[in-house]
Amino acid sequence: MKKSRQKEIQTASIVGIIGNGILSITKIGAGIIGGSYALISDGIDSATDIITSLVTLFASRIIDRPPDEEHPYGHGRAETLATKVLSFVIFFAGAQLAFSAVRNFLSGTKRSIPDPVVIYFVLLSIGGKLFLAFYKYRVGKRIKSSMLIADAKNMVNDVIISVSVLTGLIVTFILKMPILDTITAFLISLWIMKTAFGIFMETNVELMDGLEDTSIYRDVFNAACSVKGVRNPHKTRIRKINTKYVVDMEIEVDGSLTVKEGHEKATEVKKCIQNQIDNVYDVIIHVEPIGNKETSETYGLSKKNFNE
């Protein structure tokens with residue numbers, strides 16, 4: 001039996017919690033025993049990934065709830081908000097790592113070369129993170145979950161972090177300069193904060209009722225104009241709520257049509273849009289007589305915006 005979208009997100013979140021929990025404990029423990037501040041930092045970053053997976057797990061219990069009086073459009077935006085929360089959690093972890101690295105650098109504490117055994121734990125981290133990143137990205141793409149895709153991107157960055165730790169350790173062993181381990185930890189923190197900022201900016205478009213891919217407008221206009229007697233689809237606004245689209249538009253028909261006939265044209269346009277475009281949640285149509293002019297209403301897009 002096919003899993004529901006909610007179950008897919010919950011399963012991916014639980015896998016992330018377990019996987020990152022194991023990696024975090026292993027890396028922090030190995031970093032303490034082996035004397036590698038960079039590996040401890042990498043382990044702390046994995047610990048924050050447990051939090052991100054907990055956030056996705058919590059959000060999965062909300063997004064599929066049906067509409068109610070307070071949320072007539074449903075609860076799909078909970079996923080976008082959860083993704084925004086993830087960006088704050090990730091950024092805070094990066095900032096904490098940066099602060100700790102700088103403090104360690106300025107402390108003047110005598111440093112020693114880390115134990116070479118930590119390299120094996122870094123390789124384990126790279127393998128584990130690659131698996132988690134691939135798994136979450138594949139699930140996120142299949143069910144169109146921005147939250148899981150953002151988490152997967154964070155995992156990819158974790159792989160880069162672990163590779164950086166590995167490079168830093170190798171250089172430290174070759175040059176016999178333990179200070180490079182602390183510098184590597186600081187550079188990792190900057191990368192984490194950059195990732196968090198990128199995730200934060202990606203969610204702004206949906207929260208502002210914008211679309212990254214505006215080609216759907218052209219598809220909506222073509223579907224509307226395929227109905228005989230329908231002209232000039234305009235004042236069209238399309239918003240995305242999680243994976244679904246809500247289309248609000250106006251069309252023009254022969255002014256001599258009865259109210260019933262005009263309604264039938266609008267219903268036909270709605271069916272065409274829903275049949276020709278995937279993931280349309282609802283279509284709201286206002287019918288006007290051909291040639292109607294309302295110059296004071298400047299909102300929305302029309303077909304001419306895409307003919308230029």
# chains A, B, ... in the order shown; residues from 1 in each chain; ligands from 1
call {"tool": "residues_around", "arguments": {"residues": "A:Val85", "least_positions_apart": "3", "cutoff": "9 Å", "atoms": "only C-alpha atoms", "output": "list in words"}}
result
Thr52, Val55, Thr80, Leu81, Ala82, Phe88, Val89, Ile90 and Phe200 of chain A
call {"tool": "write_last_selection", "arguments": {"atoms": "C-alpha atoms", "output": "mmCIF file, in the first residue's frame"}}
result
data_model
loop_
_atom_site.group_PDB
_atom_site.id
_atom_site.type_symbol
_atom_site.label_atom_id
_atom_site.label_comp_id
_atom_site.auth_asym_id
_atom_site.auth_seq_id
_atom_site.Cartn_x
_atom_site.Cartn_y
_atom_site.Cartn_z
ATOM 1 C CA THR A 52 15.907 19.880 12.243
ATOM 2 C CA VAL A 55 11.023 20.056 13.453
ATOM 3 C CA THR A 80 7.195 26.526 4.776
ATOM 4 C CA LEU A 81 7.274 27.926 8.305
ATOM 5 C CA ALA A 82 9.080 24.795 9.523
ATOM 6 C CA PHE A 88 17.301 29.802 12.240
ATOM 7 C CA VAL A 89 18.373 26.618 14.044
ATOM 8 C CA ILE A 90 21.161 25.980 11.542
ATOM 9 C CA PHE A 200 15.964 31.397 4.827
#
call {"tool": "residues_around", "arguments": {"residues": "A:Arg237", "least_positions_apart": "4", "cutoff": "7 Å", "atoms": "only C-alpha atoms", "output": "list of chain:residue names"}}
result
A:Val247, A:Asp248, A:Met249, A:Gly300, A:Leu301
call {"tool": "write_last_selection", "arguments": {"atoms": "C-alpha atoms", "output": "CSV table (one decimal), in the first residue's frame"}}
result
chain,number,residue,atom,x,y,z
A,247,VAL,CA,-5.7,30.4,-8.9
A,248,ASP,CA,-7.7,33.6,-8.7
A,249,MET,CA,-8.6,35.2,-12.1
A,300,GLY,CA,-2.7,40.5,-11.0
A,301,LEU,CA,-1.3,39.4,-14.4
call {"tool": "residues_around", "arguments": {"residues": "A:Gly31", "least_positions_apart": "6", "cutoff": "7 Å", "atoms": "only C-alpha atoms", "output": "PyMOL selection string"}}
result
chain A and resi 37+39-40+118
call {"tool": "closest_residue", "arguments": {"among": "A:Asp219, A:Val102, A:Asp49, A:Val122", "to": "A:Lys153", "atoms": "only C-alpha atoms"}}
result
A:Asp49
call {"tool": "atom_distance", "arguments": {"atom1": "atom CA of A:Val220", "atom2": "atom CA of A:Lys240"}}
result
14.0 Å
call {"tool": "residues_around", "arguments": {"residues": "stretch 279-290 of chain A", "least_positions_apart": "5", "cutoff": "6 Å", "atoms": "only C-alpha atoms", "output": "list in words"}}
result
Lys244, Tyr245, Val246, Val247, Asp248, Met249, Glu250, Ile251, Glu252, Val253, Asp254, Gly255, Lys270 and Gln274 of chain A
call {"tool": "closest_residue", "arguments": {"among": "A:His75, A:Lys293, A:Lys265, A:Lys136", "to": "A:Gly229", "atoms": "only C-alpha atoms"}}
result
A:Lys265
call {"tool": "closest_residue", "arguments": {"among": "A:Leu57, A:Ala101, A:Cys272, A:Ala78", "to": "A:Val15", "atoms": "only C-alpha atoms"}}
result
A:Leu57
call {"tool": "select_by_dssp", "arguments": {"residues": "stretch 72-265 of chain A", "states": "strand (DSSP E)", "output": "JSON, numbers by chain"}}
result
{"A": [231, 232, 233, 234, 235, 236, 237, 238, 239, 240, 241, 244, 245, 246, 247, 248, 249, 250, 251, 252, 253]}
call {"tool": "select_by_dssp", "arguments": {"residues": "stretch 84-124 of chain A", "states": "alpha helix (DSSP H)", "output": "number ranges by chain"}}
result
A: 84-106, 118-124
call {"tool": "closest_residue", "arguments": {"among": "A:Ile199, A:Val230, A:Ile160, A:Ala152", "to": "A:Ile126", "atoms": "only C-alpha atoms"}}
result
A:Ile160
